[in-house]
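Source file: model_28.cif (mmCIF, C-alpha atoms and all ligand atoms)
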```cif
data_input
#
loop_
_atom_site.label_atom_id
_atom_site.label_comp_id
_atom_site.auth_asym_id
_atom_site.auth_seq_id
_atom_site.Cartn_x
_atom_site.Cartn_y
_atom_site.Cartn_z
CA MET A 418 0.00 0.00 0.00
CA ASN A 419 1.16 3.51 -0.74
CA THR A 420 1.62 5.40 2.49
CA ASP A 421 3.53 8.22 0.89
CA PHE A 422 0.65 10.62 1.47
CA TYR A 423 0.91 13.97 -0.31
CA ARG A 424 -0.23 16.07 2.64
CA MET A 425 1.70 14.12 5.26
CA LYS A 426 4.89 15.00 3.42
CA ARG A 427 3.97 18.64 3.89
CA LEU A 428 3.09 18.44 7.59
CA PRO A 429 6.30 18.04 9.57
CA PRO A 430 5.96 16.66 13.09
CA TYR A 431 5.24 19.51 15.49
CA VAL A 432 8.62 20.64 16.93
CA ILE A 433 6.82 21.62 20.07
CA ALA A 434 5.58 18.03 20.39
CA GLU A 435 9.13 16.97 21.31
CA VAL A 436 9.12 19.19 24.38
CA ASN A 437 5.55 18.15 25.17
CA ALA A 438 6.57 14.48 25.09
CA MET A 439 9.48 15.19 27.43
CA ARG A 440 7.16 17.07 29.77
CA ALA A 441 4.70 14.18 29.82
CA ALA A 442 7.52 11.70 30.51
CA ALA A 443 8.88 13.84 33.36
CA ARG A 444 5.42 14.03 34.90
CA GLN A 445 5.05 10.27 34.60
CA GLU A 446 8.21 10.03 36.69
CA GLY A 447 6.42 12.13 39.30
CA ARG A 448 8.39 15.34 38.70
CA ASP A 449 6.54 18.60 39.28
CA ILE A 450 6.90 20.41 35.96
CA ILE A 451 5.84 24.07 35.90
CA ASP A 452 4.11 24.24 32.55
CA LEU A 453 4.59 27.55 30.77
CA GLY A 454 4.52 25.82 27.40
CA MET A 455 1.01 25.65 26.02
CA GLY A 456 -1.40 28.59 25.85
CA ASN A 457 -4.09 26.65 27.67
CA PRO A 458 -6.00 28.94 30.08
CA ASP A 459 -5.94 27.66 33.66
CA GLN A 460 -9.07 29.53 34.78
CA PRO A 461 -12.67 28.26 34.49
CA PRO A 462 -15.34 30.06 32.45
CA PRO A 463 -17.90 32.17 34.39
CA GLN A 464 -20.33 30.10 36.47
CA HIS A 465 -23.43 31.50 34.71
CA VAL A 466 -22.04 30.22 31.39
CA ILE A 467 -21.54 26.71 32.77
CA ASP A 468 -25.05 26.89 34.29
CA LYS A 469 -26.51 27.81 30.88
CA LEU A 470 -24.72 24.89 29.25
CA CYS A 471 -26.19 22.49 31.83
CA GLU A 472 -29.66 24.06 31.63
CA VAL A 473 -29.89 23.80 27.84
CA ALA A 474 -28.39 20.30 27.84
CA GLN A 475 -31.40 19.22 29.96
CA LYS A 476 -33.79 20.07 27.11
CA PRO A 477 -34.80 17.04 25.07
CA ASN A 478 -34.74 19.02 21.83
CA ALA A 479 -31.19 20.34 22.30
CA HIS A 480 -29.39 17.21 21.16
CA GLY A 481 -29.96 17.09 17.44
CA TYR A 482 -27.76 18.56 14.73
CA SER A 483 -27.27 22.24 15.24
CA GLN A 484 -26.70 24.90 12.58
CA SER A 485 -23.39 24.81 10.78
CA LYS A 486 -23.10 28.57 10.51
CA GLY A 487 -24.18 29.05 14.13
CA ILE A 488 -27.56 29.67 15.77
CA PRO A 489 -28.99 33.13 14.95
CA GLY A 490 -28.88 34.32 18.57
CA LEU A 491 -25.16 33.66 18.75
CA ARG A 492 -24.40 35.49 15.54
CA LYS A 493 -26.48 38.41 16.88
CA ALA A 494 -24.56 38.30 20.17
CA LYS A 495 -21.30 38.55 18.22
CA ALA A 496 -22.65 41.50 16.22
CA ASN A 497 -23.50 43.22 19.52
CA TYR A 498 -19.98 42.57 20.79
CA TYR A 499 -18.43 44.21 17.72
CA GLU A 500 -20.81 47.14 18.08
CA ARG A 501 -20.01 47.77 21.76
CA ARG A 502 -16.27 46.99 21.62
CA PHE A 503 -15.27 48.44 18.24
CA GLY A 504 -18.26 50.57 17.13
CA VAL A 505 -18.60 48.36 14.06
CA ASP A 506 -21.87 47.36 12.43
CA LEU A 507 -22.13 43.75 11.20
CA ASP A 508 -25.02 41.89 9.59
CA PRO A 509 -25.42 38.62 11.55
CA GLU A 510 -26.91 36.91 8.47
CA THR A 511 -24.21 37.65 5.93
CA GLU A 512 -21.16 38.95 7.74
CA ILE A 513 -20.75 36.54 10.66
CA VAL A 514 -20.20 32.80 10.89
CA VAL A 515 -19.66 30.77 14.05
CA THR A 516 -16.69 28.41 13.99
CA MET A 517 -15.51 25.56 16.15
CA GLY A 518 -12.71 27.66 17.55
CA SER A 519 -10.86 30.16 15.42
CA LYS A 520 -8.40 27.45 14.40
CA GLU A 521 -11.11 25.52 12.59
CA GLY A 522 -12.35 28.78 11.07
CA LEU A 523 -8.96 29.62 9.62
CA ALA A 524 -8.59 26.11 8.22
CA SER A 525 -12.10 26.14 6.69
CA LEU A 526 -11.57 29.50 5.06
CA ALA A 527 -8.19 28.35 3.73
CA ASN A 528 -9.95 25.32 2.28
CA ALA A 529 -12.67 27.46 0.75
CA ILE A 530 -10.52 30.00 -1.05
CA THR A 531 -7.29 28.21 -1.96
CA ALA A 532 -6.40 26.47 -5.19
CA PRO A 533 -3.30 24.25 -5.34
CA GLY A 534 -0.27 26.40 -6.09
CA ASP A 535 -1.73 29.65 -4.76
CA VAL A 536 0.78 31.77 -2.89
CA ILE A 537 -0.19 32.92 0.58
CA LEU A 538 1.65 35.51 2.64
CA ALA A 539 1.93 34.44 6.27
CA PRO A 540 3.98 35.73 9.18
CA ASN A 541 7.11 33.98 10.39
CA PRO A 542 7.19 33.21 13.26
CA SER A 543 3.49 32.44 13.51
CA TYR A 544 0.88 30.28 15.15
CA PRO A 545 1.03 27.09 13.03
CA ILE A 546 -2.48 27.21 11.51
CA HIS A 547 -1.61 30.50 9.79
CA THR A 548 0.68 28.58 7.48
CA PHE A 549 -0.42 24.97 7.74
CA GLY A 550 -4.11 25.70 7.21
CA PHE A 551 -3.10 26.83 3.72
CA ILE A 552 -0.48 24.14 3.18
CA ILE A 553 -3.14 21.52 3.88
CA ALA A 554 -5.27 23.27 1.25
CA GLY A 555 -2.44 22.95 -1.29
CA ALA A 556 -0.96 26.44 -1.17
CA THR A 557 2.62 27.63 -1.14
CA ILE A 558 3.64 29.98 1.65
CA ARG A 559 5.77 33.06 1.24
CA ALA A 560 6.86 34.25 4.67
CA VAL A 561 6.73 37.86 5.75
CA PRO A 562 8.17 39.13 9.04
CA THR A 563 5.92 39.28 12.08
CA THR A 564 7.33 42.55 13.42
CA PRO A 565 5.12 45.35 12.02
CA ASP A 566 7.87 47.86 11.19
CA GLU A 567 9.05 49.39 7.90
CA GLU A 568 10.84 46.17 7.02
CA TYR A 569 7.41 44.51 7.06
CA TRP A 570 6.07 46.87 4.41
CA ARG A 571 9.16 46.35 2.28
CA ALA A 572 8.65 42.58 2.54
CA LEU A 573 5.05 42.97 1.35
CA GLU A 574 6.13 45.12 -1.59
CA ASN A 575 8.84 42.61 -2.54
CA ALA A 576 6.44 39.73 -2.23
CA MET A 577 4.03 41.36 -4.66
CA ALA A 578 6.76 42.37 -7.06
CA PHE A 579 8.67 39.10 -7.21
CA THR A 580 6.21 36.25 -6.61
CA VAL A 581 4.50 34.34 -9.38
CA PRO A 582 1.61 33.77 -9.16
CA ARG A 583 0.91 36.93 -7.24
CA PRO A 584 -0.04 36.25 -3.63
CA SER A 585 -3.79 36.18 -3.08
CA VAL A 586 -4.06 36.25 0.73
CA LEU A 587 -2.18 37.85 3.63
CA VAL A 588 -2.55 36.51 7.17
CA VAL A 589 -2.02 38.93 10.05
CA ASN A 590 -2.19 38.21 13.77
CA TYR A 591 -1.89 41.03 16.31
CA PRO A 592 -1.56 40.63 19.25
CA SER A 593 0.79 38.04 17.84
CA ASN A 594 1.20 34.51 18.96
CA PRO A 595 4.07 33.88 19.56
CA THR A 596 5.73 37.34 19.65
CA ALA A 597 2.99 39.29 21.53
CA GLU A 598 3.56 42.23 19.18
CA VAL A 599 0.66 44.64 18.70
CA VAL A 600 -0.42 47.19 16.10
CA ASP A 601 -2.49 50.35 16.16
CA LEU A 602 -5.41 51.35 13.97
CA ALA A 603 -3.11 53.32 11.65
CA PHE A 604 -1.36 50.05 10.78
CA TYR A 605 -4.67 48.48 9.77
CA GLU A 606 -5.62 51.58 7.77
CA ARG A 607 -2.41 51.27 5.78
CA LEU A 608 -2.93 47.52 5.43
CA VAL A 609 -6.47 47.86 4.08
CA ALA A 610 -5.30 50.45 1.53
CA TRP A 611 -2.43 48.14 0.54
CA ALA A 612 -4.78 45.16 0.21
CA LYS A 613 -7.16 47.08 -2.03
CA GLU A 614 -4.36 48.33 -4.22
CA ASN A 615 -2.84 44.86 -4.56
CA GLU A 616 -6.11 42.87 -4.61
CA VAL A 617 -5.08 40.68 -1.71
CA TRP A 618 -7.50 39.28 0.87
CA ILE A 619 -6.58 39.95 4.50
CA LEU A 620 -7.29 37.33 7.16
CA SER A 621 -6.81 38.84 10.59
CA ASP A 622 -6.55 36.59 13.62
CA LEU A 623 -7.68 38.53 16.69
CA ALA A 624 -7.71 35.63 19.16
CA TYR A 625 -6.25 37.92 21.87
CA SER A 626 -8.72 40.76 21.35
CA GLU A 627 -9.27 41.21 25.10
CA LEU A 628 -5.88 40.28 26.55
CA TYR A 629 -4.25 43.68 26.27
CA TYR A 630 -2.41 45.39 29.11
CA ASP A 631 -1.61 48.80 30.53
CA GLY A 632 -4.97 50.19 29.35
CA ASN A 633 -4.17 49.95 25.62
CA PRO A 634 -7.09 48.22 23.89
CA THR A 635 -6.32 46.19 20.80
CA PRO A 636 -7.96 47.50 17.62
CA SER A 637 -9.87 45.43 15.06
CA ILE A 638 -9.11 45.67 11.35
CA ILE A 639 -12.87 45.86 10.77
CA GLN A 640 -12.83 49.33 12.36
CA VAL A 641 -11.17 50.67 9.23
CA PRO A 642 -13.80 52.09 6.85
CA GLY A 643 -13.99 49.79 3.82
CA ALA A 644 -12.15 46.92 5.57
CA LYS A 645 -15.08 44.64 4.86
CA ASP A 646 -14.26 44.90 1.15
CA VAL A 647 -11.04 42.95 1.68
CA ALA A 648 -10.88 41.48 5.17
CA VAL A 649 -12.20 38.80 7.45
CA GLU A 650 -11.36 38.70 11.15
CA PHE A 651 -11.29 35.72 13.50
CA THR A 652 -12.07 35.96 17.20
CA SER A 653 -12.31 33.31 19.86
CA MET A 654 -14.01 32.52 23.16
CA SER A 655 -11.00 30.42 24.19
CA LYS A 656 -8.91 33.04 25.95
CA THR A 657 -11.40 35.86 26.57
CA TYR A 658 -13.75 33.64 28.58
CA SER A 659 -11.36 30.76 29.38
CA MET A 660 -13.40 28.43 27.17
CA ALA A 661 -10.61 26.83 25.13
CA GLY A 662 -12.02 23.31 25.32
CA TRP A 663 -15.47 24.42 24.20
CA ARG A 664 -14.23 25.14 20.66
CA MET A 665 -16.08 28.35 19.99
CA GLY A 666 -14.95 31.10 17.65
CA PHE A 667 -16.15 33.44 14.92
CA ALA A 668 -15.26 34.89 11.56
CA VAL A 669 -16.68 38.28 10.61
CA GLY A 670 -16.30 40.67 7.72
CA ASN A 671 -16.32 40.32 3.96
CA LYS A 672 -19.59 38.75 2.72
CA GLU A 673 -18.01 36.73 -0.10
CA LEU A 674 -15.43 35.18 2.18
CA ILE A 675 -17.99 34.48 4.89
CA ALA A 676 -20.30 32.86 2.30
CA ALA A 677 -17.47 30.71 0.91
CA MET A 678 -16.48 29.58 4.35
CA THR A 679 -20.08 28.92 5.36
CA ARG A 680 -20.51 26.75 2.25
CA VAL A 681 -17.43 24.63 3.02
CA LYS A 682 -18.53 24.27 6.63
CA SER A 683 -22.00 23.16 5.55
CA TYR A 684 -20.34 20.15 3.93
CA LEU A 685 -18.07 19.43 6.89
CA ASP A 686 -20.02 20.02 10.10
CA TYR A 687 -23.41 20.61 11.68
CA GLY A 688 -22.19 23.33 14.01
CA ALA A 689 -21.21 23.10 17.64
CA PHE A 690 -23.47 21.32 20.13
CA THR A 691 -26.48 23.64 20.65
CA PRO A 692 -26.02 23.94 24.46
CA ILE A 693 -22.47 25.16 23.83
CA GLN A 694 -23.75 27.78 21.41
CA ALA A 695 -26.47 28.85 23.86
CA ALA A 696 -23.90 29.13 26.66
CA ALA A 697 -21.60 31.13 24.35
CA CYS A 698 -24.54 33.56 23.88
CA ALA A 699 -24.78 33.85 27.66
CA ALA A 700 -21.06 34.62 27.85
CA LEU A 701 -21.22 37.34 25.18
CA ASN A 702 -24.51 38.88 26.34
CA GLY A 703 -24.09 38.51 30.10
CA PRO A 704 -21.92 40.26 32.69
CA GLN A 705 -18.47 41.01 31.26
CA ASP A 706 -16.54 41.29 34.54
CA ILE A 707 -14.74 38.02 33.70
CA VAL A 708 -13.06 39.76 30.77
CA GLU A 709 -11.55 42.48 32.96
CA THR A 710 -10.73 39.96 35.72
CA ASN A 711 -8.82 37.76 33.26
CA ARG A 712 -7.02 40.77 31.82
CA GLN A 713 -5.87 41.86 35.28
CA LEU A 714 -4.91 38.32 36.21
CA TYR A 715 -2.64 37.92 33.19
CA GLN A 716 -1.23 41.42 33.53
CA LYS A 717 -0.31 40.72 37.17
CA ARG A 718 1.32 37.44 36.17
CA ARG A 719 3.23 39.25 33.46
CA ASP A 720 4.55 41.77 35.97
CA VAL A 721 5.52 39.03 38.41
CA MET A 722 7.23 37.06 35.65
CA VAL A 723 9.23 39.98 34.26
CA ASP A 724 10.31 40.99 37.76
CA ALA A 725 11.20 37.48 38.97
CA PHE A 726 13.09 36.54 35.79
CA SER A 727 15.02 39.83 35.78
CA ARG A 728 16.85 38.48 38.85
CA THR A 729 17.92 35.31 37.05
CA GLY A 730 20.26 37.04 34.63
CA TRP A 731 17.73 36.47 31.86
CA ASP A 732 15.74 39.57 30.90
CA ILE A 733 12.28 38.97 29.56
CA PRO A 734 10.65 41.86 27.67
CA PRO A 735 7.17 42.59 29.08
CA PRO A 736 4.52 41.62 26.52
CA PRO A 737 1.99 44.42 25.82
CA ALA A 738 -0.76 41.87 25.12
CA SER A 739 -1.58 38.14 24.70
CA MET A 740 -0.83 35.45 27.26
CA PHE A 741 2.79 34.97 26.19
CA ALA A 742 6.20 36.48 26.65
CA TRP A 743 8.57 36.14 23.73
CA ALA A 744 11.98 35.89 25.28
CA PRO A 745 15.33 35.95 23.50
CA LEU A 746 17.65 33.23 24.80
CA PRO A 747 20.15 34.52 27.37
CA PRO A 748 22.98 35.89 25.17
CA ALA A 749 25.56 33.50 26.64
CA LEU A 750 23.39 30.51 25.62
CA LYS A 751 22.29 31.70 22.20
CA ASP A 752 24.27 29.04 20.36
CA MET A 753 22.35 26.30 22.13
CA GLY A 754 19.29 27.00 19.98
CA SER A 755 15.72 27.29 21.23
CA LEU A 756 14.86 23.58 21.11
CA GLU A 757 17.87 22.47 23.12
CA PHE A 758 17.44 25.37 25.56
CA SER A 759 13.78 24.36 26.11
CA LYS A 760 14.83 20.76 26.73
CA GLN A 761 17.51 21.89 29.18
CA LEU A 762 15.04 24.06 31.07
CA LEU A 763 12.69 21.12 31.34
CA THR A 764 15.36 18.71 32.54
CA HIS A 765 17.31 20.99 34.86
CA ALA A 766 14.78 23.62 35.97
CA GLU A 767 11.55 21.60 35.66
CA VAL A 768 10.04 24.44 33.64
CA ALA A 769 8.33 23.82 30.28
CA VAL A 770 8.46 26.58 27.66
CA ALA A 771 7.87 26.45 23.90
CA PRO A 772 10.92 26.64 21.60
CA GLY A 773 10.66 29.59 19.22
CA VAL A 774 11.76 27.51 16.25
CA GLY A 775 8.46 25.63 16.55
CA TYR A 776 6.77 28.76 15.16
CA GLY A 777 8.99 29.06 12.10
CA GLU A 778 12.66 29.52 11.33
CA LEU A 779 12.59 33.20 12.28
CA GLY A 780 11.48 32.13 15.76
CA GLU A 781 14.91 30.62 16.37
CA GLY A 782 16.76 32.35 19.21
CA TYR A 783 13.59 32.77 21.28
CA VAL A 784 11.32 30.80 23.57
CA ARG A 785 7.66 31.48 24.21
CA ILE A 786 6.62 31.56 27.84
CA ALA A 787 2.89 31.21 28.55
CA MET A 788 1.50 32.90 31.65
CA VAL A 789 -0.77 30.00 32.48
CA GLU A 790 0.42 29.16 35.98
CA ASN A 791 -0.28 31.19 39.12
CA GLU A 792 2.06 33.84 40.52
CA GLN A 793 3.56 31.55 43.11
CA ARG A 794 4.41 28.94 40.47
CA ILE A 795 5.85 31.62 38.17
CA ARG A 796 8.12 32.77 41.03
CA GLN A 797 9.10 29.16 41.64
CA ALA A 798 9.87 28.76 37.93
CA ALA A 799 12.16 31.81 38.09
CA ARG A 800 14.00 30.40 41.12
CA ASN A 801 14.54 27.10 39.32
CA VAL A 802 15.73 28.87 36.18
CA LYS A 803 18.08 31.05 38.25
CA ARG A 804 19.71 27.94 39.76
CA TYR A 805 20.08 26.32 36.33
CA LEU A 806 21.52 29.46 34.70
CA ALA A 807 23.94 29.95 37.60
CA SER A 808 25.22 26.39 37.03
CA LEU A 809 26.18 27.57 33.51
CA GLY A 810 27.83 30.75 34.74
CA VAL A 811 24.90 33.08 33.93
CA ASN A 812 24.28 35.04 37.11
CA GLY A 813 21.51 37.38 38.12
CA SER A 814 21.16 39.62 41.13
C1 LIG B 1 -3.20 33.42 17.53
C2 LIG B 1 -4.10 32.27 17.78
N1 LIG B 1 -5.08 32.01 16.91
C3 LIG B 1 -5.93 31.01 17.09
C4 LIG B 1 -5.81 30.18 18.17
C5 LIG B 1 -6.79 29.06 18.30
O1 LIG B 1 -7.84 29.46 19.08
P1 LIG B 1 -9.18 28.66 19.15
O2 LIG B 1 -9.18 27.99 20.48
O3 LIG B 1 -10.24 29.70 19.02
O4 LIG B 1 -9.19 27.68 18.01
C6 LIG B 1 -4.83 30.39 19.12
C7 LIG B 1 -4.69 29.50 20.26
O5 LIG B 1 -3.76 29.52 21.02
C8 LIG B 1 -3.94 31.47 18.91
O6 LIG B 1 -2.95 31.71 19.76
#
```
Have the structure of the file written as structure tokens, please.
Ligand SMILES: Cc1ncc(COP(=O)(O)O)c(C=O)c1O
Amino acid sequence: MNTDFYRMKRLPPYVIAEVNAMRAAARQEGRDIIDLGMGNPDQPPPQHVIDKLCEVAQKPNAHGYSQSKGIPGLRKAKANYYERRFGVDLDPETEIVVTMGSKEGLASLANAITAPGDVILAPNPSYPIHTFGFIIAGATIRAVPTTPDEEYWRALENAMAFTVPRPSVLVVNYPSNPTAEVVDLAFYERLVAWAKENEVWILSDLAYSELYYDGNPTPSIIQVPGAKDVAVEFTSMSKTYSMAGWRMGFAVGNKELIAAMTRVKSYLDYGAFTPIQAAACAALNGPQDIVETNRQLYQKRRDVMVDAFSRTGWDIPPPPASMFAWAPLPPALKDMGSLEFSKQLLTHAEVAVAPGVGYGELGEGYVRIAMVENEQRIRQAARNVKRYLASLGVNGS
């Protein structure tokens, strides 16, 4: 039998899986690993949301197939969110589709709009679905930098000038996973103008819409007048409401892209379990104090982490948003590479982080540290790291 599967040859094993396997093995041995690797929220969703899930699950008629594009009330709830948070008007019928997490949404849209051989512009380093969603759909990726500076714009210009066929889609993700970089509305204004001029679709991943710090709210590309002509934006309940396992997300924006995605989804799924959709409505429509509470929780952890690690001899730049710090390897250990450094931290400091190279070659030289353990555990992680670094001659204060 032929097992030389076309797509498998294009999906390398997850680099991060190596560290995950080591973490699992260490835990099996009974070692207490402080897990700052995966971006898996450690908080529960609000109680009223869990109550709604249970209440609706008790109804005999709630167990059939749901609606692939999402129940109308949920699409309306998302429209209300965009209106109150960004002052943007969206038509729940034609400009919003519910997805099973934003990851599935990105993959479905990639499937819907990609022909084999299409060239897609995606950031490097990036969250893997930004590239692999399109690779699975048969596309070729041309990388652009993640850092939104002048070099970024030059890379876009070069990509349009020198790539055949011309790129058809650009993926952007701010706040970025893994780099935590952010942009302002002026960046999106320039991007929308660029996209119109170059006839390129923009897919914006706004999974960290609410995890911004120091009172600087993250903008949405849809706030730019005319953005809906060229852009779709993905948001998620996973981090905002600590509902990662529920698989609930949204795509909003351009009608043609939303329709294409909705059509593909209608072939693939029947929508999320209705009680989950009803509970997601409760989350979006109900009290929003959880959103501010989570924001403060992560901001406090960030401050604790930056402070505690600064005493290890390893300076970690404070992320302005997201649930991650993107930390350059300590200069003295740069040659070790991010994968080996992550393995060493796991073995000698019992701290799991994600190697930057797992997010693309330009992620080499960095590790991603997720703020998903409590303050006490973060301080403990810093103490362990300090001991390990000192054993290599890297000393803090
Ligand atoms: C940037 C980014 N996009 C999308 C996702 C996936 O989110 P969801 O749980 O909505 O699929 C994540 C998850 O970590 C992420 O970091």
Can you write out as a Markdown table which residues of chain A fall within 9 Å of ligand LIG 1 (chain B), alongside each residue's closest atom pair and its distance in Å to one decimal, counting only C-alpha atoms and all ligand atoms and ordering rows by chain and ascending residue number?
```
| residue | atom | partner | partner_atom | distance |
| --- | --- | --- | --- | --- |
| A:Met455 | CA | B:LIG1 | O5 | 7.9 |
| A:Gly456 | CA | B:LIG1 | O5 | 5.5 |
| A:Asn457 | CA | B:LIG1 | O5 | 7.3 |
| A:Thr516 | CA | B:LIG1 | O3 | 8.3 |
| A:Met517 | CA | B:LIG1 | O4 | 6.9 |
| A:Gly518 | CA | B:LIG1 | O3 | 3.5 |
| A:Ser519 | CA | B:LIG1 | O3 | 3.7 |
| A:Lys520 | CA | B:LIG1 | O4 | 3.7 |
| A:Glu521 | CA | B:LIG1 | O4 | 6.1 |
| A:Gly522 | CA | B:LIG1 | O4 | 7.7 |
| A:Leu523 | CA | B:LIG1 | C3 | 8.2 |
| A:Ser543 | CA | B:LIG1 | C1 | 7.9 |
| A:Tyr544 | CA | B:LIG1 | C1 | 5.7 |
| A:Pro545 | CA | B:LIG1 | C2 | 8.7 |
| A:Ile546 | CA | B:LIG1 | C3 | 7.6 |
| A:His547 | CA | B:LIG1 | N1 | 8.1 |
| A:Asn590 | CA | B:LIG1 | C1 | 6.2 |
| A:Tyr591 | CA | B:LIG1 | C1 | 7.8 |
| A:Pro592 | CA | B:LIG1 | C1 | 7.6 |
| A:Ser593 | CA | B:LIG1 | C1 | 6.1 |
| A:Asn594 | CA | B:LIG1 | C1 | 4.8 |
| A:Pro595 | CA | B:LIG1 | O6 | 7.4 |
| A:Asp622 | CA | B:LIG1 | N1 | 5.8 |
| A:Leu623 | CA | B:LIG1 | C1 | 6.8 |
| A:Ala624 | CA | B:LIG1 | N1 | 5.0 |
| A:Tyr625 | CA | B:LIG1 | C1 | 7.0 |
| A:Phe651 | CA | B:LIG1 | C3 | 8.0 |
| A:Thr652 | CA | B:LIG1 | O3 | 6.8 |
| A:Ser653 | CA | B:LIG1 | O3 | 4.2 |
| A:Met654 | CA | B:LIG1 | O3 | 6.3 |
| A:Ser655 | CA | B:LIG1 | O2 | 4.8 |
| A:Lys656 | CA | B:LIG1 | O2 | 7.4 |
| A:Met660 | CA | B:LIG1 | O2 | 7.9 |
| A:Ala661 | CA | B:LIG1 | O2 | 5.0 |
| A:Gly662 | CA | B:LIG1 | O2 | 7.3 |
| A:Trp663 | CA | B:LIG1 | O2 | 8.1 |
| A:Arg664 | CA | B:LIG1 | O2 | 5.8 |
| A:Met665 | CA | B:LIG1 | O3 | 6.1 |
| A:Gly666 | CA | B:LIG1 | O3 | 5.1 |
| A:Phe667 | CA | B:LIG1 | O3 | 8.1 |
| A:Ser739 | CA | B:LIG1 | O6 | 8.2 |
| A:Met740 | CA | B:LIG1 | O6 | 8.6 |
```
Can I get the selected residues back with C-alpha atoms, as a PDB file, in the frame of the given file?
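part-v7.pdb, freshly written:
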```pdb
ATOM      1  CA  MET A 455       1.010  25.650  26.020  1.00  0.00           C
ATOM      2  CA  GLY A 456      -1.400  28.590  25.850  1.00  0.00           C
ATOM      3  CA  ASN A 457      -4.090  26.650  27.670  1.00  0.00           C
ATOM      4  CA  THR A 516     -16.690  28.410  13.990  1.00  0.00           C
ATOM      5  CA  MET A 517     -15.510  25.560  16.150  1.00  0.00           C
ATOM      6  CA  GLY A 518     -12.710  27.660  17.550  1.00  0.00           C
ATOM      7  CA  SER A 519     -10.860  30.160  15.420  1.00  0.00           C
ATOM      8  CA  LYS A 520      -8.400  27.450  14.400  1.00  0.00           C
ATOM      9  CA  GLU A 521     -11.110  25.520  12.590  1.00  0.00           C
ATOM     10  CA  GLY A 522     -12.350  28.780  11.070  1.00  0.00           C
ATOM     11  CA  LEU A 523      -8.960  29.620   9.620  1.00  0.00           C
ATOM     12  CA  SER A 543       3.490  32.440  13.510  1.00  0.00           C
ATOM     13  CA  TYR A 544       0.880  30.280  15.150  1.00  0.00           C
ATOM     14  CA  PRO A 545       1.030  27.090  13.030  1.00  0.00           C
ATOM     15  CA  ILE A 546      -2.480  27.210  11.510  1.00  0.00           C
ATOM     16  CA  HIS A 547      -1.610  30.500   9.790  1.00  0.00           C
ATOM     17  CA  ASN A 590      -2.190  38.210  13.770  1.00  0.00           C
ATOM     18  CA  TYR A 591      -1.890  41.030  16.310  1.00  0.00           C
ATOM     19  CA  PRO A 592      -1.560  40.630  19.250  1.00  0.00           C
ATOM     20  CA  SER A 593       0.790  38.040  17.840  1.00  0.00           C
ATOM     21  CA  ASN A 594       1.200  34.510  18.960  1.00  0.00           C
ATOM     22  CA  PRO A 595       4.070  33.880  19.560  1.00  0.00           C
ATOM     23  CA  ASP A 622      -6.550  36.590  13.620  1.00  0.00           C
ATOM     24  CA  LEU A 623      -7.680  38.530  16.690  1.00  0.00           C
ATOM     25  CA  ALA A 624      -7.710  35.630  19.160  1.00  0.00           C
ATOM     26  CA  TYR A 625      -6.250  37.920  21.870  1.00  0.00           C
ATOM     27  CA  PHE A 651     -11.290  35.720  13.500  1.00  0.00           C
ATOM     28  CA  THR A 652     -12.070  35.960  17.200  1.00  0.00           C
ATOM     29  CA  SER A 653     -12.310  33.310  19.860  1.00  0.00           C
ATOM     30  CA  MET A 654     -14.010  32.520  23.160  1.00  0.00           C
ATOM     31  CA  SER A 655     -11.000  30.420  24.190  1.00  0.00           C
ATOM     32  CA  LYS A 656      -8.910  33.040  25.950  1.00  0.00           C
ATOM     33  CA  MET A 660     -13.400  28.430  27.170  1.00  0.00           C
ATOM     34  CA  ALA A 661     -10.610  26.830  25.130  1.00  0.00           C
ATOM     35  CA  GLY A 662     -12.020  23.310  25.320  1.00  0.00           C
ATOM     36  CA  TRP A 663     -15.470  24.420  24.200  1.00  0.00           C
ATOM     37  CA  ARG A 664     -14.230  25.140  20.660  1.00  0.00           C
ATOM     38  CA  MET A 665     -16.080  28.350  19.990  1.00  0.00           C
ATOM     39  CA  GLY A 666     -14.950  31.100  17.650  1.00  0.00           C
ATOM     40  CA  PHE A 667     -16.150  33.440  14.920  1.00  0.00           C
ATOM     41  CA  SER A 739      -1.580  38.140  24.700  1.00  0.00           C
ATOM     42  CA  MET A 740      -0.830  35.450  27.260  1.00  0.00           C
TER      43      MET A 740
END
```
Between atom CA of Ala496 of chain A and atom CA of Ala695 of chain A, what is the spacing in Å?
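Spanning atom CA of Ala695 of chain A to atom CA of Ala496 of chain A is a straight-line distance of 15.3 Å.
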Nearest to Leu701 of chain A by atom-to-atom distance, counting all atoms listed in the file, from A:Leu714, A:Val599, A:Leu620, A:Val466:
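Of A:Leu714, A:Val599, A:Leu620, A:Val466, the one nearest Leu701 of chain A, counting all atoms listed in the file, is A:Val466.
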Pick out the residues sitting within 9 Å of Ile638 of chain A, and hand them over as an MDAnalysis selection string; count all atoms listed in the file, and ignore anything fewer than 2 positions along from it in its own chain.
chainID A and resid 602 604:606 608:609 621 636 640:641 644:645 648:650
I'd like the interatomic distance between atom CA of Tyr630 of chain A and atom CA of Val789 of chain A, to a tenth of an Å.
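Here the two named atoms are 15.8 Å from each other.
You can rank A:Ala597, A:Val784, A:Ala443, A:Val647 by their closest distance to Gly670 of chain A using only C-alpha atoms, and at the top of that list sits A:Val647.
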Identify, on the basis of all atoms listed in the file, every residue whose closest approach to Ile450 of chain A does not exceed 8 Å; exclude the query and any residue fewer than 5 positions from it along the same chain; express the result as number ranges by chain.
A: 440, 443-444, 763, 767-769
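Reported to one decimal place, the separation of atom CA of Ile513 of chain A from atom CA of Cys698 of chain A is 14.1 Å.
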Closest contacts (segment 698-727 of chain A/segment 792-814 of chain A, max 9 Å, all atoms listed in the file) as CSV:
```
residue,atom,partner,partner_atom,distance
A:Lys717,CA,A:Glu792,CA,8.0
A:Arg718,CA,A:Glu792,CA,5.7
A:Arg719,CA,A:Glu792,CA,9.0
A:Val721,CA,A:Glu792,CA,6.6
A:Met722,CA,A:Ile795,CA,6.2
A:Ala725,CA,A:Ala799,CA,5.8
A:Phe726,CA,A:Ala799,CA,5.3
A:Ser727,CA,A:Gly813,CA,7.3
```
